[in-house]
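The structure appears right after this line, and notes come after that.
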There are 2 protein chains.
Amino acid sequence: MKRVSIKDVAEAAGVSTATVSYVINARPDQTISPETSARVLKAVRELNYIPNSAASSLKSKKTNLIGLVIPQTEPGKEFMFSNPFYGDLLSSIEYSARREGYHILLSAPDNGQSYITIARNRGVDGIIIVGAYPNEWLDELHSLSIPVVLIDTYVKDPVYHTVGIDDRLGGRMATEYLLSRGHRDIAFLSGQIEEHGVVHKRFQGYKDALESAGLPVRDEYLYTGSISFEYAEQAAREMVAKGCRETAVFATADVMGVGLIGGLHNLGVRVPDDISVIGFDDGILAKMCNPRLTTIHQDIAEKGVTAIRFIMDSISGATDKQEKILPLSVVERQSVRRI
Amino acid sequence: MKRVSIKDVAEAAGVSTATVSYVINARPDQTISPETSARVLKAVRELNYIPNSAASSLKSKKTNLIGLVIPQTEPGKEFMFSNPFYGDLLSSIEYSARREGYHILLSAPDNGQSYITIARNRGVDGIIIVGAYPNEWLDELHSLSIPVVLIDTYVKDPVYHTVGIDDRLGGRMATEYLLSRGHRDIAFLSGQIEEHGVVHKRFQGYKDALESAGLPVRDEYLYTGSISFEYAEQAAREMVAKGCRETAVFATADVMGVGLIGGLHNLGVRVPDDISVIGFDDGILAKMCNPRLTTIHQDIAEKGVTAIRFIMDSISGATDKQEKILPLSVVERQSVRRI
DNA sequence: TTGAAAGCGCTAACAG
DNA sequence: CTGTTAGCGCTTTCAA
């Protein structure tokens, strides 16, 4: 099958290549007669013509490509391994983009190297970045002058759009829920607490709730390692070794809540009978564990939809920085008991 | 920041654009003097030049882009939602591709529409397809004359490369493991059994093992719905409603094994005390559930690595169809008991 | 309402 | 060892 170009179509339809370009791109201000248009379309169909995006990008400086940057947990290894969260998000972004005629160029950050090279090389029309990255890394992207949306991060930037949730509120909701069930000794289980990270905010929310209740934030109730099933299991061992003074745990990700429950179970500690657990995310994992996990629900798919919308708005001329904070709710299941 | 082109570099280095192109692309057969080369490289660095891939693709017919097609479970919704399997695979593919200087163009199939349009439009240099698709859909891709690798599917094609596992063997291994633990009433839990699909093969392996053991394949022991946590939970209800004659279940995906265990648990049936369960995949879920799931292990990351290798080999001239069957093993955990 | 023509930035003969 | 040159396939002014 030989490549068919706009020229072939033009010949077949008896028009110029310019005309073909006009009808294909159907700009609202274009003035092509219906007959000509029909003739061109017919030729397109018969020749099975598909425009070459490299050529059109070269000329028009538009690629219809959106760069998506997803964190890589271990360099050279899986970037999203234990967290179905990313699968959901990715899928929603891809779908929303495709509906707008855009495709997704997927990358994990190349070991400290800047994304700017890829972005400029490929000429992406917009960038979606998931998670927290070093500030310099992000700042470089300004020079590209294309829309950037940051998902789930708290860097403040005057230009980049953001979509996320109110993690501090979420942390507070989780903790207050536990409080409302009579718990007073509430542990906090999370990955590293980093500046600008969501975990930091959730931790603040945890502290807010405790303080409002007149309760102290005890260091011995803090378990911060990595966002992984394994670390949560380990935390379970620590908890038990220390005598398990806490009656409830706020785990900042479902994957950790599930790990904790598993670890506790192996040590003969029952959830929620001996200890209560609340998670965060409400992804597939929450329903999967036993007991099913009471958790903070967030709408992952909506994050993707919104991110694409922000990019599209920017591309079509909107200049304001946009921000979206998606709502949160408590989903009661079986892992918390009233005491 | 104004765009800097190869021309700017050429001027700055006092050479022609051709020379710049030569040193940038550093072909082995090229003969540029070290001095010239150094001068060019210096200019590249100083001007912060990054080649425009649209322009080079246009000329060279090479995009360094690999199209990745991932199944979409529900049109318009998540494509990989309940299955961390895809996250792992995706990540491995992206990483391997990047090491070879390729990027990943991610797509979910557009509702029955062909992928060929995207492939031709973007000029991808190779395609990786995960999962089973209609034959006509796949056949169209032949006309592109670019390497295609199929992951986890059994369509036989004289050209496309394949990477997968021996699902029939896997089914047999799982069933024989159960048999070796004294089980005789073994149920089969899966998604729809489709031609060319992996589930079909695993089912054959199940039957193989039963037959070798002189046992019948009982219809009432077959539970086939969808590959989801929810269906597995439902199957648990059916099992119990029917009196739970089986003593063990082979679930063809961890996600189903986990769902089954959860569903059974809710009904007061204990795993492995009352009934044993073996899964398939050995992803993160297997370690997450309680009891931890005995399952068939497969190396997901290796699938991605191999797929990229096949594409690279093809691109660099290899003409043979390549096939890789990755090894399987039984991972014993806690969900099967000897009776 | 349409066409001619000038490139976009790069590659690859080919010539020197 | 390096430069000249002719496009790749498309968009878009400008003129007709």
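By order in the structure tokens, chains are A, B, ...; within a chain, residues start at 1; ligands start at 1, following the order shown.
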Under the rule of at most 9 Å, produce a per-residue listing of chain D near chain C: chain, number, name, the closest pair of atoms, and the distance in Å, as a tab-separated table, using only C-alpha atoms (C1' of nucleotides).
```
residue	atom	partner	partner_atom	distance
D:DT2	C1'	C:DG16	C1'	8.9
D:DG3	C1'	C:DG16	C1'	8.4
D:DT4	C1'	C:DA15	C1'	8.1
D:DA15	C1'	C:DA4	C1'	8.6
D:DA16	C1'	C:DG3	C1'	8.3
```
Output file for the residues above (C-alpha atoms (C1' of nucleotides), as a PDB file, in the first residue's frame):
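Printed below is result_20.pdb as written:
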```pdb
ATOM      1  C1'  DT D   2      31.945  18.890   4.246  1.00  0.00           C
ATOM      2  C1'  DG D   3      28.552  21.692   1.574  1.00  0.00           C
ATOM      3  C1'  DT D   4      24.687  22.103  -1.995  1.00  0.00           C
ATOM      4  C1'  DA D  15      -3.741  37.054  -5.301  1.00  0.00           C
ATOM      5  C1'  DA D  16      -7.009  35.926  -8.749  1.00  0.00           C
TER       6       DA D  16
END
```
* **Those in segment 113-263 of chain B with strand (DSSP E) from DSSP, as a PyMOL selection string** => chain B and resi 126-130+148-151+161-165+186-191+222-225+248-251
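Superposing chain A on chain B by least squares over every C-alpha atom, paired in order, leaves an RMSD of 0.1 Å.
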* Interface residues on chain A facing chain D, 7 Å, only C-alpha atoms (C1' of nucleotides), written as a PyMOL selection string -> chain A and resi 5+52+55-56+59-60
Okay, now the selection with N, CA and C atoms, as an mmCIF file, in the first residue's frame?
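Below is the file that was written, selection-v3.cif:
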```
data_model
loop_
_atom_site.group_PDB
_atom_site.id
_atom_site.type_symbol
_atom_site.label_atom_id
_atom_site.label_comp_id
_atom_site.auth_asym_id
_atom_site.auth_seq_id
_atom_site.Cartn_x
_atom_site.Cartn_y
_atom_site.Cartn_z
ATOM 1 N N SER A 5 -0.793 10.972 -0.368
ATOM 2 C CA SER A 5 -0.615 12.298 0.210
ATOM 3 C C SER A 5 -1.732 13.235 -0.227
ATOM 4 N N ASN A 52 -0.739 13.165 7.314
ATOM 5 C CA ASN A 52 0.491 12.862 8.025
ATOM 6 C C ASN A 52 0.702 13.931 9.098
ATOM 7 N N ALA A 55 3.950 16.169 9.073
ATOM 8 C CA ALA A 55 3.953 17.284 8.128
ATOM 9 C C ALA A 55 3.096 18.438 8.627
ATOM 10 N N SER A 56 1.931 18.095 9.113
ATOM 11 C CA SER A 56 1.065 19.189 9.530
ATOM 12 C C SER A 56 1.611 19.870 10.784
ATOM 13 N N LYS A 59 4.376 22.363 9.925
ATOM 14 C CA LYS A 59 3.896 23.643 9.411
ATOM 15 C C LYS A 59 3.099 24.412 10.465
ATOM 16 N N SER A 60 2.225 23.713 11.116
ATOM 17 C CA SER A 60 1.277 24.433 11.970
ATOM 18 C C SER A 60 1.747 24.593 13.414
#
```
* Asked: Quick one: DSSP alpha helix (DSSP H) residues in segment 135-254 of chain B, as an NGL selection string?
  -> :B and (135-140 or 167-180 or 198-212 or 229-241 or 254)
Store the residues of this selection in a file with N, CA and C atoms, as a tab-separated table (two decimals), in the first residue's frame.
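As written to disk, part_20.tsv reads:
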```
chain	number	residue	atom	x	y	z
B	135	ASN	N	-10.16	-10.38	14.97
B	135	ASN	CA	-9.17	-10.69	13.94
B	135	ASN	C	-9.06	-9.65	12.83
B	136	GLU	N	-10.20	-9.16	12.37
B	136	GLU	CA	-10.14	-8.20	11.27
B	136	GLU	C	-9.40	-6.95	11.71
B	137	TRP	N	-9.68	-6.59	12.93
B	137	TRP	CA	-9.04	-5.42	13.53
B	137	TRP	C	-7.53	-5.58	13.45
B	138	LEU	N	-7.05	-6.73	13.81
B	138	LEU	CA	-5.61	-6.98	13.80
B	138	LEU	C	-5.07	-7.09	12.38
B	139	ASP	N	-5.84	-7.74	11.53
B	139	ASP	CA	-5.35	-7.99	10.18
B	139	ASP	C	-5.07	-6.72	9.41
B	140	GLU	N	-5.90	-5.74	9.62
B	140	GLU	CA	-5.71	-4.46	8.94
B	140	GLU	C	-4.31	-3.92	9.12
B	167	ASP	N	-0.59	-20.48	28.83
B	167	ASP	CA	-1.75	-20.43	29.72
B	167	ASP	C	-2.37	-21.80	29.97
B	168	ARG	N	-2.27	-22.64	28.97
B	168	ARG	CA	-2.81	-23.99	29.17
B	168	ARG	C	-2.02	-24.71	30.25
B	169	LEU	N	-0.71	-24.59	30.14
B	169	LEU	CA	0.15	-25.18	31.15
B	169	LEU	C	-0.15	-24.57	32.52
B	170	GLY	N	-0.33	-23.26	32.53
B	170	GLY	CA	-0.62	-22.58	33.79
B	170	GLY	C	-1.89	-23.12	34.42
B	171	GLY	N	-2.89	-23.33	33.60
B	171	GLY	CA	-4.15	-23.86	34.10
B	171	GLY	C	-3.94	-25.26	34.66
B	172	ARG	N	-3.11	-25.97	33.97
B	172	ARG	CA	-2.83	-27.34	34.41
B	172	ARG	C	-2.04	-27.33	35.73
B	173	MET	N	-1.07	-26.45	35.80
B	173	MET	CA	-0.26	-26.36	37.01
B	173	MET	C	-1.12	-26.03	38.23
B	174	ALA	N	-2.00	-25.07	38.04
B	174	ALA	CA	-2.86	-24.66	39.15
B	174	ALA	C	-3.73	-25.82	39.60
B	175	THR	N	-4.32	-26.47	38.63
B	175	THR	CA	-5.24	-27.56	38.95
B	175	THR	C	-4.50	-28.75	39.57
B	176	GLU	N	-3.34	-29.04	39.01
B	176	GLU	CA	-2.58	-30.16	39.55
B	176	GLU	C	-2.09	-29.87	40.96
B	177	TYR	N	-1.81	-28.62	41.20
B	177	TYR	CA	-1.39	-28.28	42.56
B	177	TYR	C	-2.52	-28.60	43.55
B	178	LEU	N	-3.71	-28.23	43.15
B	178	LEU	CA	-4.87	-28.50	43.99
B	178	LEU	C	-5.06	-30.02	44.16
B	179	LEU	N	-4.91	-30.71	43.06
B	179	LEU	CA	-5.04	-32.17	43.08
B	179	LEU	C	-4.01	-32.76	44.05
B	180	SER	N	-2.79	-32.24	43.96
B	180	SER	CA	-1.71	-32.77	44.80
B	180	SER	C	-1.97	-32.53	46.28
B	198	VAL	N	-6.81	-15.94	26.70
B	198	VAL	CA	-5.99	-16.68	27.65
B	198	VAL	C	-6.85	-17.57	28.55
B	199	VAL	N	-8.07	-17.13	28.81
B	199	VAL	CA	-8.93	-17.88	29.72
B	199	VAL	C	-9.29	-19.24	29.13
B	200	HIS	N	-9.50	-19.24	27.85
B	200	HIS	CA	-9.82	-20.48	27.15
B	200	HIS	C	-8.71	-21.52	27.37
B	201	LYS	N	-7.49	-21.05	27.24
B	201	LYS	CA	-6.34	-21.94	27.41
B	201	LYS	C	-6.24	-22.44	28.84
B	202	ARG	N	-6.47	-21.54	29.76
B	202	ARG	CA	-6.35	-21.95	31.16
B	202	ARG	C	-7.43	-22.99	31.49
B	203	PHE	N	-8.55	-22.81	30.83
B	203	PHE	CA	-9.63	-23.76	31.01
B	203	PHE	C	-9.23	-25.13	30.46
B	204	GLN	N	-8.57	-25.13	29.33
B	204	GLN	CA	-8.11	-26.39	28.76
B	204	GLN	C	-7.14	-27.08	29.71
B	205	GLY	N	-6.25	-26.28	30.30
B	205	GLY	CA	-5.30	-26.84	31.24
B	205	GLY	C	-6.00	-27.45	32.45
B	206	TYR	N	-7.04	-26.78	32.85
B	206	TYR	CA	-7.86	-27.28	33.97
B	206	TYR	C	-8.44	-28.65	33.62
B	207	LYS	N	-8.98	-28.71	32.40
B	207	LYS	CA	-9.57	-29.98	31.97
B	207	LYS	C	-8.50	-31.06	31.82
B	208	ASP	N	-7.34	-30.66	31.25
B	208	ASP	CA	-6.25	-31.61	31.10
B	208	ASP	C	-5.93	-32.29	32.42
B	209	ALA	N	-5.78	-31.45	33.43
B	209	ALA	CA	-5.37	-31.97	34.74
B	209	ALA	C	-6.42	-32.90	35.31
B	210	LEU	N	-7.67	-32.47	35.18
B	210	LEU	CA	-8.76	-33.29	35.71
B	210	LEU	C	-8.81	-34.65	35.00
B	211	GLU	N	-8.70	-34.59	33.69
B	211	GLU	CA	-8.76	-35.83	32.92
B	211	GLU	C	-7.61	-36.76	33.28
B	212	SER	N	-6.43	-36.19	33.37
B	212	SER	CA	-5.27	-37.02	33.73
B	212	SER	C	-5.49	-37.69	35.07
B	229	PHE	N	-13.59	-8.30	40.45
B	229	PHE	CA	-13.79	-8.57	41.86
B	229	PHE	C	-15.26	-8.86	42.13
B	230	GLU	N	-16.11	-8.05	41.54
B	230	GLU	CA	-17.54	-8.15	41.79
B	230	GLU	C	-18.12	-9.50	41.35
B	231	TYR	N	-17.73	-9.92	40.16
B	231	TYR	CA	-18.27	-11.19	39.71
B	231	TYR	C	-17.82	-12.33	40.63
B	232	ALA	N	-16.58	-12.24	41.07
B	232	ALA	CA	-16.07	-13.30	41.94
B	232	ALA	C	-16.86	-13.36	43.25
B	233	GLU	N	-17.23	-12.20	43.73
B	233	GLU	CA	-18.04	-12.15	44.95
B	233	GLU	C	-19.39	-12.84	44.72
B	234	GLN	N	-19.92	-12.55	43.55
B	234	GLN	CA	-21.21	-13.13	43.20
B	234	GLN	C	-21.09	-14.65	43.09
B	235	ALA	N	-19.99	-15.08	42.49
B	235	ALA	CA	-19.77	-16.51	42.35
B	235	ALA	C	-19.73	-17.18	43.72
B	236	ALA	N	-19.17	-16.46	44.67
B	236	ALA	CA	-19.11	-17.00	46.04
B	236	ALA	C	-20.53	-17.28	46.53
B	237	ARG	N	-21.41	-16.33	46.25
B	237	ARG	CA	-22.81	-16.51	46.68
B	237	ARG	C	-23.44	-17.72	46.00
B	238	GLU	N	-23.17	-17.85	44.71
B	238	GLU	CA	-23.72	-19.00	43.99
B	238	GLU	C	-23.21	-20.31	44.58
B	239	MET	N	-21.93	-20.32	44.83
B	239	MET	CA	-21.31	-21.52	45.37
B	239	MET	C	-21.98	-21.94	46.66
B	240	VAL	N	-22.13	-20.97	47.53
B	240	VAL	CA	-22.72	-21.26	48.83
B	240	VAL	C	-24.18	-21.68	48.66
B	241	ALA	N	-24.88	-20.99	47.78
B	241	ALA	CA	-26.28	-21.31	47.55
B	241	ALA	C	-26.45	-22.75	47.07
B	254	ASP	N	-5.83	-13.23	39.88
B	254	ASP	CA	-5.76	-12.92	41.31
B	254	ASP	C	-6.94	-12.09	41.76
```
* To do: Determine which residues of chain B sit within 12 Å of chain C, taking into account only C-alpha atoms (C1' of nucleotides), and present them as an MDAnalysis selection string.
  => chainID B and resid 3:8 17:22 24:25 30 50:62
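Here atom CA of Lys303 of chain B is placed at a distance of 24.2 Å from atom CA of His103 of chain A.
Pairwise distance (atom CA of Asn266 of chain A, atom CA of Ile186 of chain A) equals 20.9 Å.
With only C-alpha atoms as the atoms that count, the residue of A:Gln192, A:Asn290, A:Thr36, A:Thr247 with the shortest distance to chain B is A:Asn290.
Distance check against chain A using only C-alpha atoms: of B:Gln334, B:Ser190, B:Ser226, B:Thr31, the minimum falls on B:Gln334.
Between atom CA of Glu100 of chain A and atom CA of Ala301 of chain A the interatomic distance comes to 16.4 Å.
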